[in-house]
Amino acid sequence: MDFSLGRELEMLRSMVQEFAERKVGPQALALDERAEFPFALAKEMGQLGLMGLTVSREYGGTALGHVARAVAIEEVSKVYASLGFFLQTGGILPYALEAFGTEEQKRKYLPALARAEKIGAFALTEAGGGSDPGSMQSTARPADDGYILNGRKVFITLPEVADIIGVVARTGEGFSAFLIEKGTPGFEITRRETHFGLRAAPVNEFVLSDCKVPRANLLGPEGRGLVVGITGISVMGRLGAAAVALGTARGCYEAALKFAKERKLYGKPIAELQALQFMLVDISTEIEAAKWLVYRPAQLLDEGKSARELGTDIARAKLYACEVAARAAASAVRIMGGYGTTPEYQVVRRLRDAIELWAGAGTQEIMKVTIGRAITS
Ligand SMILES: Cc1cc2nc3c(=O)[nH]c(=O)nc-3n(C[C@H](O)[C@H](O)[C@H](O)COP(=O)(O)OP(=O)(O)OC[C@H]3O[C@@H](n4cnc5c(N)ncnc54)[C@H](O)[C@@H]3O)c2cc1C
């Protein structure tokens with residue numbers, strides 16, 4: 001039995017599969033070694049409509065929905081998770097804009113973001129602790145017809161390649177979200193973080209020094225910035241990360257199964273060794289379970305349930321799928337023996353990507369805190 005997607009989404013899956021295998025696969029190893037953001041592939045994914053799957057048609061998207069987005073992220077990530085992570089992170093700002101932006105902001109930014117002609121990033125995390133956004137130190141104070149922002153953000157995916165960045169900062173007692181365009185004086189990228197996995201999706205630190213933004217760049221109501229940020233990160237970040245993890249796990253499983261069928265010991269394929277079959281059985285079973293956990297909240301979002309109603313289901317999807325990806329990758333490395341740790345087989349690369357997903361869009365422990373609160377309240 002499989003999750004029933006319908007004809008349109010199965011066509012999308014085939015199209016993304018073909019793109020990923022033909023265009024992304026041959027470049028994955030080199031891109032990862034060089035930790036290089038693939039602008040051309042990102043642009044191509046934009047032209048295929050993959051960044052605009054949840055954006056309304058009137059703002060330049062295809063409005064195919066959250067299941068479609070999960071399909072696209074899963075298939076791209078099966079081949080190369082860094083690019084799936086680009087779709088995941090790049091989707092947060094468009095979602096926040098459509099949910100909370102003014103009509104003028106939507107018309108100005110969404111069409112180009114939906115086609116990946118412009119790239120968006122979203123910055124909540126600071127050095128004081130990503131799990132505790134209330135401790136945020138960045139500030140925005142009103143000035144003339146806008147705000148002046150000061151502060152430092154860390155661990156933010158994409159700023160060095162982004163055109164527009166959503167930034168949350170403290171405004172008095174509360175927090176507000178702002179749109180900062182590339183080139184705004186006072187916005188400076190100060191570091192590219194060296195990361196162990198998802199290496200082609202750059203992660204930066206940036207500083208805001210008296211960075212002035214017009215009032216028109218306030219995203220959502222003043223004082224509601226944490227709601228803007230956390231809603232975007234929960235729906236697009238967490239569910240997206242779960243889809244990246246699902247694709248990563250499938251990539252590991254398929255690579256390990258192929259290897260086990262081809263590699264011969266004692267005159268027969270090692271796939272016949274029960275010890276290895278059991279590992280393959282565990283991975284394939286966990287992938288099936290993860291698939292349902294990921295696609296069900298996506299489907300409910302498409303049916304109109306709110307981010308708030310689905311927070312627990314999305315946290316479960318992220319928690320479980322990310323654990324499955326790491327276990328699948330570790331098993332794949334073991335099944336391949338000494339070959340497993342060579343770069344060519346790309347299972348150690350997938351293990352690094354899977355581990356990176358533990359903290360992205362909220363840690364595994366924070367997923368448990370979210371679920372724990374819901375089940376005990
Ligand atoms: C690849 C990657 C990409 C990222 N991209 C972005 C981005 O685009 N935008 C953005 O804003 N941020 C981004 N982040 C940051 C990410 O959201 C944070 O790393 C994450 O929220 C954790 O914050 P921290 O690293 O400061 O860890 P901390 O919050 O300091 O956590 C440290 C440890 O304490 C545990 N912990 C914290 N609170 C609790 C609790 N209540 N109960 C139990 N355990 C707890 C954590 O699980 C962790 O084990 C990214 C991170 C990574 C790794």
# chains A, B, ... in the order shown; residues from 1 in each chain; ligands from 1

$ select_by_dssp --residues "stretch 113-289 of chain A" --states "helix (DSSP H, G or I)" --output "PDB file with N, CA and C atoms, in the first residue's frame"
ATOM      1  N   LEU A 113       9.986  35.336  -5.933  1.00  0.00           N
ATOM      2  CA  LEU A 113      10.377  34.277  -4.984  1.00  0.00           C
ATOM      3  C   LEU A 113       9.788  32.935  -5.415  1.00  0.00           C
ATOM      4  N   ALA A 114       8.551  32.956  -5.900  1.00  0.00           N
ATOM      5  CA  ALA A 114       7.884  31.709  -6.291  1.00  0.00           C
ATOM      6  C   ALA A 114       8.594  31.039  -7.468  1.00  0.00           C
ATOM      7  N   PRO A 133      13.829  31.622  21.524  1.00  0.00           N
ATOM      8  CA  PRO A 133      13.818  32.870  20.748  1.00  0.00           C
ATOM      9  C   PRO A 133      13.460  34.094  21.585  1.00  0.00           C
ATOM     10  N   GLY A 134      12.798  33.860  22.723  1.00  0.00           N
ATOM     11  CA  GLY A 134      12.454  34.990  23.610  1.00  0.00           C
ATOM     12  C   GLY A 134      13.678  35.689  24.185  1.00  0.00           C
ATOM     13  N   SER A 135      14.853  35.020  24.103  1.00  0.00           N
ATOM     14  CA  SER A 135      16.074  35.644  24.630  1.00  0.00           C
ATOM     15  C   SER A 135      16.767  36.526  23.580  1.00  0.00           C
ATOM     16  N   PRO A 159      21.542  33.449   3.506  1.00  0.00           N
ATOM     17  CA  PRO A 159      21.708  34.900   3.328  1.00  0.00           C
ATOM     18  C   PRO A 159      22.704  35.299   2.246  1.00  0.00           C
ATOM     19  N   GLU A 160      23.833  34.591   2.139  1.00  0.00           N
ATOM     20  CA  GLU A 160      24.845  35.045   1.162  1.00  0.00           C
ATOM     21  C   GLU A 160      24.361  34.913  -0.274  1.00  0.00           C
ATOM     22  N   VAL A 161      23.328  34.112  -0.505  1.00  0.00           N
ATOM     23  CA  VAL A 161      22.807  33.999  -1.875  1.00  0.00           C
ATOM     24  C   VAL A 161      21.405  34.611  -1.977  1.00  0.00           C
ATOM     25  N   ARG A 215       9.054  51.622   6.906  1.00  0.00           N
ATOM     26  CA  ARG A 215       7.886  51.052   7.613  1.00  0.00           C
ATOM     27  C   ARG A 215       7.174  50.020   6.734  1.00  0.00           C
ATOM     28  N   ALA A 216       7.222  50.254   5.419  1.00  0.00           N
ATOM     29  CA  ALA A 216       6.560  49.324   4.483  1.00  0.00           C
ATOM     30  C   ALA A 216       7.165  47.920   4.550  1.00  0.00           C
ATOM     31  N   ASN A 217       8.344  47.783   5.175  1.00  0.00           N
ATOM     32  CA  ASN A 217       8.994  46.464   5.255  1.00  0.00           C
ATOM     33  C   ASN A 217       8.697  45.723   6.553  1.00  0.00           C
ATOM     34  N   GLY A 225       6.036  39.409  15.653  1.00  0.00           N
ATOM     35  CA  GLY A 225       7.137  38.832  14.872  1.00  0.00           C
ATOM     36  C   GLY A 225       7.438  37.378  15.176  1.00  0.00           C
ATOM     37  N   LEU A 226       7.276  36.999  16.449  1.00  0.00           N
ATOM     38  CA  LEU A 226       7.559  35.591  16.780  1.00  0.00           C
ATOM     39  C   LEU A 226       6.501  34.680  16.164  1.00  0.00           C
ATOM     40  N   VAL A 227       5.268  35.157  16.105  1.00  0.00           N
ATOM     41  CA  VAL A 227       4.206  34.356  15.473  1.00  0.00           C
ATOM     42  C   VAL A 227       4.517  34.199  13.984  1.00  0.00           C
ATOM     43  N   VAL A 228       4.926  35.299  13.344  1.00  0.00           N
ATOM     44  CA  VAL A 228       5.280  35.247  11.915  1.00  0.00           C
ATOM     45  C   VAL A 228       6.406  34.224  11.705  1.00  0.00           C
ATOM     46  N   GLY A 229       7.464  34.359  12.498  1.00  0.00           N
ATOM     47  CA  GLY A 229       8.643  33.503  12.320  1.00  0.00           C
ATOM     48  C   GLY A 229       8.352  32.055  12.657  1.00  0.00           C
ATOM     49  N   ILE A 230       7.730  31.837  13.796  1.00  0.00           N
ATOM     50  CA  ILE A 230       7.532  30.449  14.243  1.00  0.00           C
ATOM     51  C   ILE A 230       6.506  29.734  13.364  1.00  0.00           C
ATOM     52  N   THR A 231       5.485  30.458  12.886  1.00  0.00           N
ATOM     53  CA  THR A 231       4.518  29.817  11.978  1.00  0.00           C
ATOM     54  C   THR A 231       5.233  29.391  10.693  1.00  0.00           C
ATOM     55  N   GLY A 232       6.019  30.304  10.120  1.00  0.00           N
ATOM     56  CA  GLY A 232       6.739  29.975   8.877  1.00  0.00           C
ATOM     57  C   GLY A 232       7.702  28.816   9.086  1.00  0.00           C
ATOM     58  N   ILE A 233       8.434  28.860  10.197  1.00  0.00           N
ATOM     59  CA  ILE A 233       9.437  27.817  10.451  1.00  0.00           C
ATOM     60  C   ILE A 233       8.752  26.486  10.760  1.00  0.00           C
ATOM     61  N   SER A 234       7.631  26.528  11.461  1.00  0.00           N
ATOM     62  CA  SER A 234       6.940  25.275  11.778  1.00  0.00           C
ATOM     63  C   SER A 234       6.400  24.625  10.513  1.00  0.00           C
ATOM     64  N   VAL A 235       5.623  25.364   9.741  1.00  0.00           N
ATOM     65  CA  VAL A 235       4.979  24.752   8.569  1.00  0.00           C
ATOM     66  C   VAL A 235       5.997  24.423   7.486  1.00  0.00           C
ATOM     67  N   MET A 236       6.767  25.425   7.086  1.00  0.00           N
ATOM     68  CA  MET A 236       7.649  25.208   5.935  1.00  0.00           C
ATOM     69  C   MET A 236       9.004  24.629   6.356  1.00  0.00           C
ATOM     70  N   GLY A 237       9.512  25.077   7.522  1.00  0.00           N
ATOM     71  CA  GLY A 237      10.810  24.597   7.976  1.00  0.00           C
ATOM     72  C   GLY A 237      10.739  23.162   8.475  1.00  0.00           C
ATOM     73  N   ARG A 238       9.850  22.903   9.423  1.00  0.00           N
ATOM     74  CA  ARG A 238       9.813  21.558  10.039  1.00  0.00           C
ATOM     75  C   ARG A 238       9.260  20.515   9.091  1.00  0.00           C
ATOM     76  N   LEU A 239       8.138  20.843   8.444  1.00  0.00           N
ATOM     77  CA  LEU A 239       7.582  19.844   7.529  1.00  0.00           C
ATOM     78  C   LEU A 239       8.534  19.649   6.336  1.00  0.00           C
ATOM     79  N   GLY A 240       9.154  20.739   5.925  1.00  0.00           N
ATOM     80  CA  GLY A 240      10.138  20.641   4.846  1.00  0.00           C
ATOM     81  C   GLY A 240      11.331  19.792   5.264  1.00  0.00           C
ATOM     82  N   ALA A 241      11.819  19.998   6.489  1.00  0.00           N
ATOM     83  CA  ALA A 241      12.964  19.208   6.970  1.00  0.00           C
ATOM     84  C   ALA A 241      12.589  17.735   7.053  1.00  0.00           C
ATOM     85  N   ALA A 242      11.334  17.467   7.441  1.00  0.00           N
ATOM     86  CA  ALA A 242      10.872  16.074   7.497  1.00  0.00           C
ATOM     87  C   ALA A 242      10.894  15.451   6.101  1.00  0.00           C
ATOM     88  N   ALA A 243      10.505  16.235   5.100  1.00  0.00           N
ATOM     89  CA  ALA A 243      10.518  15.720   3.717  1.00  0.00           C
ATOM     90  C   ALA A 243      11.959  15.531   3.223  1.00  0.00           C
ATOM     91  N   VAL A 244      12.856  16.443   3.622  1.00  0.00           N
ATOM     92  CA  VAL A 244      14.278  16.266   3.268  1.00  0.00           C
ATOM     93  C   VAL A 244      14.779  14.952   3.876  1.00  0.00           C
ATOM     94  N   ALA A 245      14.406  14.717   5.134  1.00  0.00           N
ATOM     95  CA  ALA A 245      14.852  13.504   5.842  1.00  0.00           C
ATOM     96  C   ALA A 245      14.287  12.251   5.173  1.00  0.00           C
ATOM     97  N   LEU A 246      13.023  12.309   4.790  1.00  0.00           N
ATOM     98  CA  LEU A 246      12.398  11.154   4.128  1.00  0.00           C
ATOM     99  C   LEU A 246      13.136  10.827   2.824  1.00  0.00           C
ATOM    100  N   GLY A 247      13.412  11.862   2.044  1.00  0.00           N
ATOM    101  CA  GLY A 247      14.136  11.643   0.794  1.00  0.00           C
ATOM    102  C   GLY A 247      15.534  11.097   1.048  1.00  0.00           C
ATOM    103  N   THR A 248      16.193  11.641   2.068  1.00  0.00           N
ATOM    104  CA  THR A 248      17.547  11.182   2.416  1.00  0.00           C
ATOM    105  C   THR A 248      17.518   9.699   2.800  1.00  0.00           C
ATOM    106  N   ALA A 249      16.527   9.313   3.603  1.00  0.00           N
ATOM    107  CA  ALA A 249      16.408   7.907   4.027  1.00  0.00           C
ATOM    108  C   ALA A 249      16.182   7.006   2.805  1.00  0.00           C
ATOM    109  N   ARG A 250      15.338   7.458   1.892  1.00  0.00           N
ATOM    110  CA  ARG A 250      15.087   6.640   0.694  1.00  0.00           C
ATOM    111  C   ARG A 250      16.345   6.517  -0.166  1.00  0.00           C
ATOM    112  N   GLY A 251      17.096   7.607  -0.249  1.00  0.00           N
ATOM    113  CA  GLY A 251      18.347   7.559  -1.017  1.00  0.00           C
ATOM    114  C   GLY A 251      19.303   6.535  -0.424  1.00  0.00           C
ATOM    115  N   CYS A 252      19.364   6.486   0.892  1.00  0.00           N
ATOM    116  CA  CYS A 252      20.250   5.527   1.582  1.00  0.00           C
ATOM    117  C   CYS A 252      19.771   4.103   1.335  1.00  0.00           C
ATOM    118  N   TYR A 253      18.473   3.907   1.470  1.00  0.00           N
ATOM    119  CA  TYR A 253      17.900   2.568   1.316  1.00  0.00           C
ATOM    120  C   TYR A 253      18.160   2.041  -0.099  1.00  0.00           C
ATOM    121  N   GLU A 254      17.888   2.877  -1.085  1.00  0.00           N
ATOM    122  CA  GLU A 254      18.058   2.405  -2.468  1.00  0.00           C
ATOM    123  C   GLU A 254      19.519   2.109  -2.781  1.00  0.00           C
ATOM    124  N   ALA A 255      20.408   2.957  -2.264  1.00  0.00           N
ATOM    125  CA  ALA A 255      21.844   2.729  -2.504  1.00  0.00           C
ATOM    126  C   ALA A 255      22.297   1.436  -1.821  1.00  0.00           C
ATOM    127  N   ALA A 256      21.827   1.210  -0.589  1.00  0.00           N
ATOM    128  CA  ALA A 256      22.245   0.016   0.167  1.00  0.00           C
ATOM    129  C   ALA A 256      21.684  -1.260  -0.464  1.00  0.00           C
ATOM    130  N   LEU A 257      20.437  -1.189  -0.905  1.00  0.00           N
ATOM    131  CA  LEU A 257      19.800  -2.372  -1.511  1.00  0.00           C
ATOM    132  C   LEU A 257      20.516  -2.752  -2.814  1.00  0.00           C
ATOM    133  N   LYS A 258      20.800  -1.751  -3.609  1.00  0.00           N
ATOM    134  CA  LYS A 258      21.494  -2.000  -4.890  1.00  0.00           C
ATOM    135  C   LYS A 258      22.853  -2.643  -4.612  1.00  0.00           C
ATOM    136  N   PHE A 259      23.567  -2.051  -3.659  1.00  0.00           N
ATOM    137  CA  PHE A 259      24.896  -2.564  -3.326  1.00  0.00           C
ATOM    138  C   PHE A 259      24.782  -4.019  -2.856  1.00  0.00           C
ATOM    139  N   ALA A 260      23.810  -4.275  -1.968  1.00  0.00           N
ATOM    140  CA  ALA A 260      23.682  -5.619  -1.378  1.00  0.00           C
ATOM    141  C   ALA A 260      23.330  -6.661  -2.445  1.00  0.00           C
ATOM    142  N   LYS A 261      22.620  -6.242  -3.471  1.00  0.00           N
ATOM    143  CA  LYS A 261      22.267  -7.192  -4.543  1.00  0.00           C
ATOM    144  C   LYS A 261      23.450  -7.442  -5.480  1.00  0.00           C
ATOM    145  N   GLU A 262      24.325  -6.459  -5.599  1.00  0.00           N
ATOM    146  CA  GLU A 262      25.444  -6.590  -6.538  1.00  0.00           C
ATOM    147  C   GLU A 262      26.699  -7.207  -5.909  1.00  0.00           C
ATOM    148  N   ILE A 270      25.347 -10.467  -1.108  1.00  0.00           N
ATOM    149  CA  ILE A 270      25.250 -10.282   0.356  1.00  0.00           C
ATOM    150  C   ILE A 270      23.816  -9.960   0.781  1.00  0.00           C
ATOM    151  N   ALA A 271      22.946  -9.590  -0.180  1.00  0.00           N
ATOM    152  CA  ALA A 271      21.528  -9.363   0.147  1.00  0.00           C
ATOM    153  C   ALA A 271      20.893 -10.629   0.712  1.00  0.00           C
ATOM    154  N   GLU A 272      21.528 -11.787   0.452  1.00  0.00           N
ATOM    155  CA  GLU A 272      20.971 -13.040   0.980  1.00  0.00           C
ATOM    156  C   GLU A 272      21.378 -13.296   2.432  1.00  0.00           C
ATOM    157  N   GLN A 274      21.083 -12.896   6.137  1.00  0.00           N
ATOM    158  CA  GLN A 274      19.912 -12.433   6.887  1.00  0.00           C
ATOM    159  C   GLN A 274      20.218 -11.216   7.759  1.00  0.00           C
ATOM    160  N   ALA A 275      21.439 -11.151   8.277  1.00  0.00           N
ATOM    161  CA  ALA A 275      21.804 -10.007   9.126  1.00  0.00           C
ATOM    162  C   ALA A 275      21.625  -8.690   8.349  1.00  0.00           C
ATOM    163  N   LEU A 276      22.008  -8.712   7.060  1.00  0.00           N
ATOM    164  CA  LEU A 276      21.877  -7.491   6.254  1.00  0.00           C
ATOM    165  C   LEU A 276      20.428  -7.289   5.817  1.00  0.00           C
ATOM    166  N   GLN A 277      19.745  -8.395   5.526  1.00  0.00           N
ATOM    167  CA  GLN A 277      18.315  -8.272   5.181  1.00  0.00           C
ATOM    168  C   GLN A 277      17.562  -7.582   6.316  1.00  0.00           C
ATOM    169  N   PHE A 278      17.904  -7.942   7.553  1.00  0.00           N
ATOM    170  CA  PHE A 278      17.187  -7.349   8.689  1.00  0.00           C
ATOM    171  C   PHE A 278      17.395  -5.833   8.734  1.00  0.00           C
ATOM    172  N   MET A 279      18.620  -5.411   8.413  1.00  0.00           N
ATOM    173  CA  MET A 279      18.860  -3.951   8.386  1.00  0.00           C
ATOM    174  C   MET A 279      18.007  -3.308   7.302  1.00  0.00           C
ATOM    175  N   LEU A 280      17.947  -3.960   6.131  1.00  0.00           N
ATOM    176  CA  LEU A 280      17.148  -3.407   5.023  1.00  0.00           C
ATOM    177  C   LEU A 280      15.654  -3.406   5.379  1.00  0.00           C
ATOM    178  N   VAL A 281      15.226  -4.438   6.070  1.00  0.00           N
ATOM    179  CA  VAL A 281      13.823  -4.521   6.496  1.00  0.00           C
ATOM    180  C   VAL A 281      13.509  -3.361   7.452  1.00  0.00           C
ATOM    181  N   ASP A 282      14.400  -3.154   8.402  1.00  0.00           N
ATOM    182  CA  ASP A 282      14.159  -2.064   9.369  1.00  0.00           C
ATOM    183  C   ASP A 282      14.076  -0.716   8.655  1.00  0.00           C
ATOM    184  N   ILE A 283      15.028  -0.474   7.751  1.00  0.00           N
ATOM    185  CA  ILE A 283      15.016   0.833   7.062  1.00  0.00           C
ATOM    186  C   ILE A 283      13.722   0.983   6.263  1.00  0.00           C
ATOM    187  N   SER A 284      13.373  -0.050   5.490  1.00  0.00           N
ATOM    188  CA  SER A 284      12.204   0.103   4.611  1.00  0.00           C
ATOM    189  C   SER A 284      10.928   0.273   5.439  1.00  0.00           C
ATOM    190  N   THR A 285      10.847  -0.398   6.576  1.00  0.00           N
ATOM    191  CA  THR A 285       9.650  -0.270   7.423  1.00  0.00           C
ATOM    192  C   THR A 285       9.572   1.140   8.014  1.00  0.00           C
ATOM    193  N   GLU A 286      10.702   1.630   8.487  1.00  0.00           N
ATOM    194  CA  GLU A 286      10.707   2.973   9.085  1.00  0.00           C
ATOM    195  C   GLU A 286      10.411   4.044   8.026  1.00  0.00           C
ATOM    196  N   ILE A 287      10.880   3.816   6.801  1.00  0.00           N
ATOM    197  CA  ILE A 287      10.586   4.781   5.728  1.00  0.00           C
ATOM    198  C   ILE A 287       9.071   4.822   5.473  1.00  0.00           C
ATOM    199  N   GLU A 288       8.444   3.651   5.438  1.00  0.00           N
ATOM    200  CA  GLU A 288       6.987   3.632   5.232  1.00  0.00           C
ATOM    201  C   GLU A 288       6.269   4.406   6.335  1.00  0.00           C
ATOM    202  N   ALA A 289       6.701   4.197   7.581  1.00  0.00           N
ATOM    203  CA  ALA A 289       6.062   4.898   8.705  1.00  0.00           C
ATOM    204  C   ALA A 289       6.290   6.413   8.589  1.00  0.00           C
TER     205      ALA A 289
END

$ closest_atom_pairs --of "chain A" --to "ligand 1" --cutoff "9 Å" --atoms "only C-alpha atoms and all ligand atoms" --output "CSV"
residue,atom,partner,partner_atom_place_in_ligand_line,distance
A:Phe85,CA,ligand 1,1 (C),8.5
A:Thr89,CA,ligand 1,8 (O),6.0
A:Gly90,CA,ligand 1,8 (O),8.5
A:Ile92,CA,ligand 1,8 (O),8.6
A:Ala121,CA,ligand 1,8 (O),6.2
A:Phe122,CA,ligand 1,9 (N),5.2
A:Ala123,CA,ligand 1,11 (O),3.9
A:Leu124,CA,ligand 1,11 (O),3.4
A:Thr125,CA,ligand 1,11 (O),3.9
A:Glu126,CA,ligand 1,26 (O),6.8
A:Ala127,CA,ligand 1,26 (O),6.0
A:Gly128,CA,ligand 1,26 (O),6.5
A:Gly129,CA,ligand 1,26 (O),3.5
A:Gly130,CA,ligand 1,23 (O),3.2
A:Ser131,CA,ligand 1,29 (O),3.6
A:Asp132,CA,ligand 1,29 (O),6.0
A:Pro133,CA,ligand 1,21 (O),8.4
A:Lys153,CA,ligand 1,11 (O),7.7
A:Val154,CA,ligand 1,12 (N),7.1
A:Phe155,CA,ligand 1,14 (N),4.6
A:Ile156,CA,ligand 1,7 (C),3.8
A:Thr157,CA,ligand 1,8 (O),3.9
A:Leu158,CA,ligand 1,8 (O),6.9
A:Pro159,CA,ligand 1,8 (O),8.3
A:Val167,CA,ligand 1,11 (O),8.4
A:Val168,CA,ligand 1,11 (O),8.7
A:His195,CA,ligand 1,1 (C),7.3
A:Phe196,CA,ligand 1,1 (C),8.8
A:Gly197,CA,ligand 1,1 (C),7.4
A:Leu198,CA,ligand 1,1 (C),6.6
A:Arg199,CA,ligand 1,1 (C),8.6
A:Ala201,CA,ligand 1,1 (C),8.0
A:Pro202,CA,ligand 1,1 (C),8.5
A:Val203,CA,ligand 1,3 (C),6.3
A:Asn204,CA,ligand 1,5 (N),8.6
A:Gly229,CA,ligand 1,11 (O),8.2
A:Ile233,CA,ligand 1,9 (N),8.1
A:Gly237,CA,ligand 1,8 (O),8.4
A:Asp353,CA,ligand 1,1 (C),8.5
A:Ile355,CA,ligand 1,53 (C),8.7
A:Glu356,CA,ligand 1,1 (C),5.3
A:Leu357,CA,ligand 1,1 (C),6.3
A:Trp358,CA,ligand 1,53 (C),7.1
A:Ala359,CA,ligand 1,53 (C),4.7
A:Gly360,CA,ligand 1,52 (C),3.9
A:Ala361,CA,ligand 1,17 (O),4.5
A:Gly362,CA,ligand 1,21 (O),4.1
A:Thr363,CA,ligand 1,47 (O),4.7
A:Gln364,CA,ligand 1,47 (O),6.0
A:Glu365,CA,ligand 1,47 (O),4.3
A:Ile366,CA,ligand 1,47 (O),5.6
A:Met367,CA,ligand 1,47 (O),8.6
A:Lys368,CA,ligand 1,43 (C),7.9
A:Val369,CA,ligand 1,42 (N),6.1

$ write_last_selection --atoms "C-alpha atoms" --output "short mmCIF file (atom, residue, chain, number, x, y, z; two decimals), in the first residue's frame"
data_model
loop_
_atom_site.label_atom_id
_atom_site.label_comp_id
_atom_site.auth_asym_id
_atom_site.auth_seq_id
_atom_site.Cartn_x
_atom_site.Cartn_y
_atom_site.Cartn_z
CA PHE A 85 17.08 21.90 2.02
CA THR A 89 14.42 27.01 3.70
CA GLY A 90 13.66 29.07 0.61
CA ILE A 92 9.75 29.92 4.62
CA ALA A 121 15.94 33.53 3.72
CA PHE A 122 14.45 33.77 7.20
CA ALA A 123 16.42 34.69 10.32
CA LEU A 124 15.27 34.00 13.83
CA THR A 125 18.25 32.32 15.52
CA GLU A 126 20.84 34.18 17.59
CA ALA A 127 23.90 33.06 19.51
CA GLY A 128 21.95 33.22 22.77
CA GLY A 129 20.02 30.07 21.78
CA GLY A 130 17.80 29.06 18.88
CA SER A 131 15.51 27.07 21.16
CA ASP A 132 14.80 30.16 23.25
CA PRO A 133 13.82 32.87 20.75
CA LYS A 153 21.99 36.44 13.67
CA VAL A 154 23.73 33.05 13.48
CA PHE A 155 23.12 29.73 11.70
CA ILE A 156 20.94 31.30 9.01
CA THR A 157 20.62 29.36 5.77
CA LEU A 158 21.03 31.20 2.47
CA PRO A 159 21.71 34.90 3.33
CA VAL A 167 14.46 39.11 10.19
CA VAL A 168 12.82 39.04 13.62
CA HIS A 195 28.99 22.84 8.32
CA PHE A 196 29.35 19.09 8.42
CA GLY A 197 26.32 18.35 6.24
CA LEU A 198 23.96 20.00 3.74
CA ARG A 199 27.12 21.63 2.52
CA ALA A 201 23.17 25.21 1.25
CA PRO A 202 25.27 28.02 2.77
CA VAL A 203 24.76 28.89 6.44
CA ASN A 204 25.79 32.38 7.53
CA GLY A 229 8.64 33.50 12.32
CA ILE A 233 9.44 27.82 10.45
CA GLY A 237 10.81 24.60 7.98
CA ASP A 353 23.15 15.60 5.91
CA ILE A 355 22.72 14.71 11.34
CA GLU A 356 22.56 18.33 10.20
CA LEU A 357 18.77 18.05 10.09
CA TRP A 358 18.60 17.35 13.83
CA ALA A 359 19.02 21.05 14.70
CA GLY A 360 17.62 22.72 11.55
CA ALA A 361 14.09 24.20 12.03
CA GLY A 362 14.18 23.32 15.74
CA THR A 363 16.02 20.52 17.51
CA GLN A 364 14.71 17.01 18.04
CA GLU A 365 14.34 17.79 21.75
CA ILE A 366 12.23 20.84 20.95
CA MET A 367 9.99 18.58 18.80
CA LYS A 368 9.59 16.37 21.88
CA VAL A 369 8.85 19.40 24.07
#

$ closest_residue --among "A:Ser306, A:Gln105, A:Ser82, A:Gln17" --to "A:Tyr59" --atoms "only C-alpha atoms"
A:Gln105

$ select_by_dssp --residues "stretch 262-312 of chain A" --states "strand (DSSP E or B)" --output "PyMOL selection string"
chain A and resi 264-265+268-269

$ write_last_selection --atoms "N, CA and C atoms" --output "PDB file, in the first residue's frame"
ATOM      1  N   LYS A 264      29.046  -9.608  -4.071  1.00  0.00           N
ATOM      2  CA  LYS A 264      28.973 -11.046  -3.796  1.00  0.00           C
ATOM      3  C   LYS A 264      30.029 -11.464  -2.775  1.00  0.00           C
ATOM      4  N   LEU A 265      29.617 -12.287  -1.827  1.00  0.00           N
ATOM      5  CA  LEU A 265      30.530 -12.946  -0.889  1.00  0.00           C
ATOM      6  C   LEU A 265      30.088 -14.407  -0.798  1.00  0.00           C
ATOM      7  N   LYS A 268      27.615 -15.665  -3.444  1.00  0.00           N
ATOM      8  CA  LYS A 268      26.236 -15.188  -3.649  1.00  0.00           C
ATOM      9  C   LYS A 268      26.093 -13.747  -3.140  1.00  0.00           C
ATOM     10  N   PRO A 269      25.030 -13.022  -3.598  1.00  0.00           N
ATOM     11  CA  PRO A 269      24.881 -11.617  -3.178  1.00  0.00           C
ATOM     12  C   PRO A 269      24.733 -11.503  -1.661  1.00  0.00           C
TER      13      PRO A 269
END

$ closest_residue --among "A:Asp210, A:Glu173, A:Asp163, A:Asp302" --to "A:Pro185" --atoms "only C-alpha atoms"
A:Asp210

$ atom_distance --atom1 "atom CA of A:Gly49" --atom2 "atom CA of A:Ile314"
23.9 Å

$ closest_residue --among "A:Tyr345, A:Glu74, A:Glu36, A:Gly146" --to "A:Val333" --atoms "only C-alpha atoms"
A:Tyr345

$ residues_around --residues "A:Leu301" --least-positions-apart "3" --cutoff "9 Å" --atoms "only C-alpha atoms" --output "compact mmCIF listing (two decimals) with N, CA and C atoms, in the first residue's frame"
# COMPACT_ATOMS: atom_id res chain seq x y z
N GLY A 65 0.09 22.94 -3.55
CA GLY A 65 -0.11 22.64 -2.14
C GLY A 65 1.06 21.98 -1.43
N HIS A 66 0.79 21.65 -0.16
CA HIS A 66 1.84 21.15 0.74
C HIS A 66 2.23 19.70 0.43
N VAL A 67 1.27 18.89 -0.03
CA VAL A 67 1.64 17.52 -0.41
C VAL A 67 2.58 17.60 -1.61
N VAL A 235 5.62 25.36 9.74
CA VAL A 235 4.98 24.75 8.57
C VAL A 235 6.00 24.42 7.49
N ARG A 296 0.63 13.04 5.94
CA ARG A 296 -0.67 13.30 6.55
C ARG A 296 -0.84 14.77 6.95
N PRO A 297 0.09 15.39 7.72
CA PRO A 297 -0.12 16.82 8.02
C PRO A 297 -0.09 17.69 6.77
N ALA A 298 0.71 17.29 5.76
CA ALA A 298 0.74 18.07 4.51
C ALA A 298 -0.66 18.05 3.88
N GLY A 304 -7.05 22.63 4.61
CA GLY A 304 -7.44 23.87 5.28
C GLY A 304 -7.21 23.92 6.78
N LYS A 305 -6.63 22.83 7.35
CA LYS A 305 -6.33 22.90 8.78
C LYS A 305 -5.22 23.92 9.01
N SER A 306 -5.20 24.54 10.18
CA SER A 306 -4.24 25.61 10.43
C SER A 306 -2.91 25.07 10.94
N ALA A 307 -1.89 25.93 10.82
CA ALA A 307 -0.56 25.58 11.32
C ALA A 307 -0.65 25.28 12.82
N LEU A 310 -1.97 21.85 13.57
CA LEU A 310 -1.12 20.75 13.12
C LEU A 310 0.29 20.77 13.71
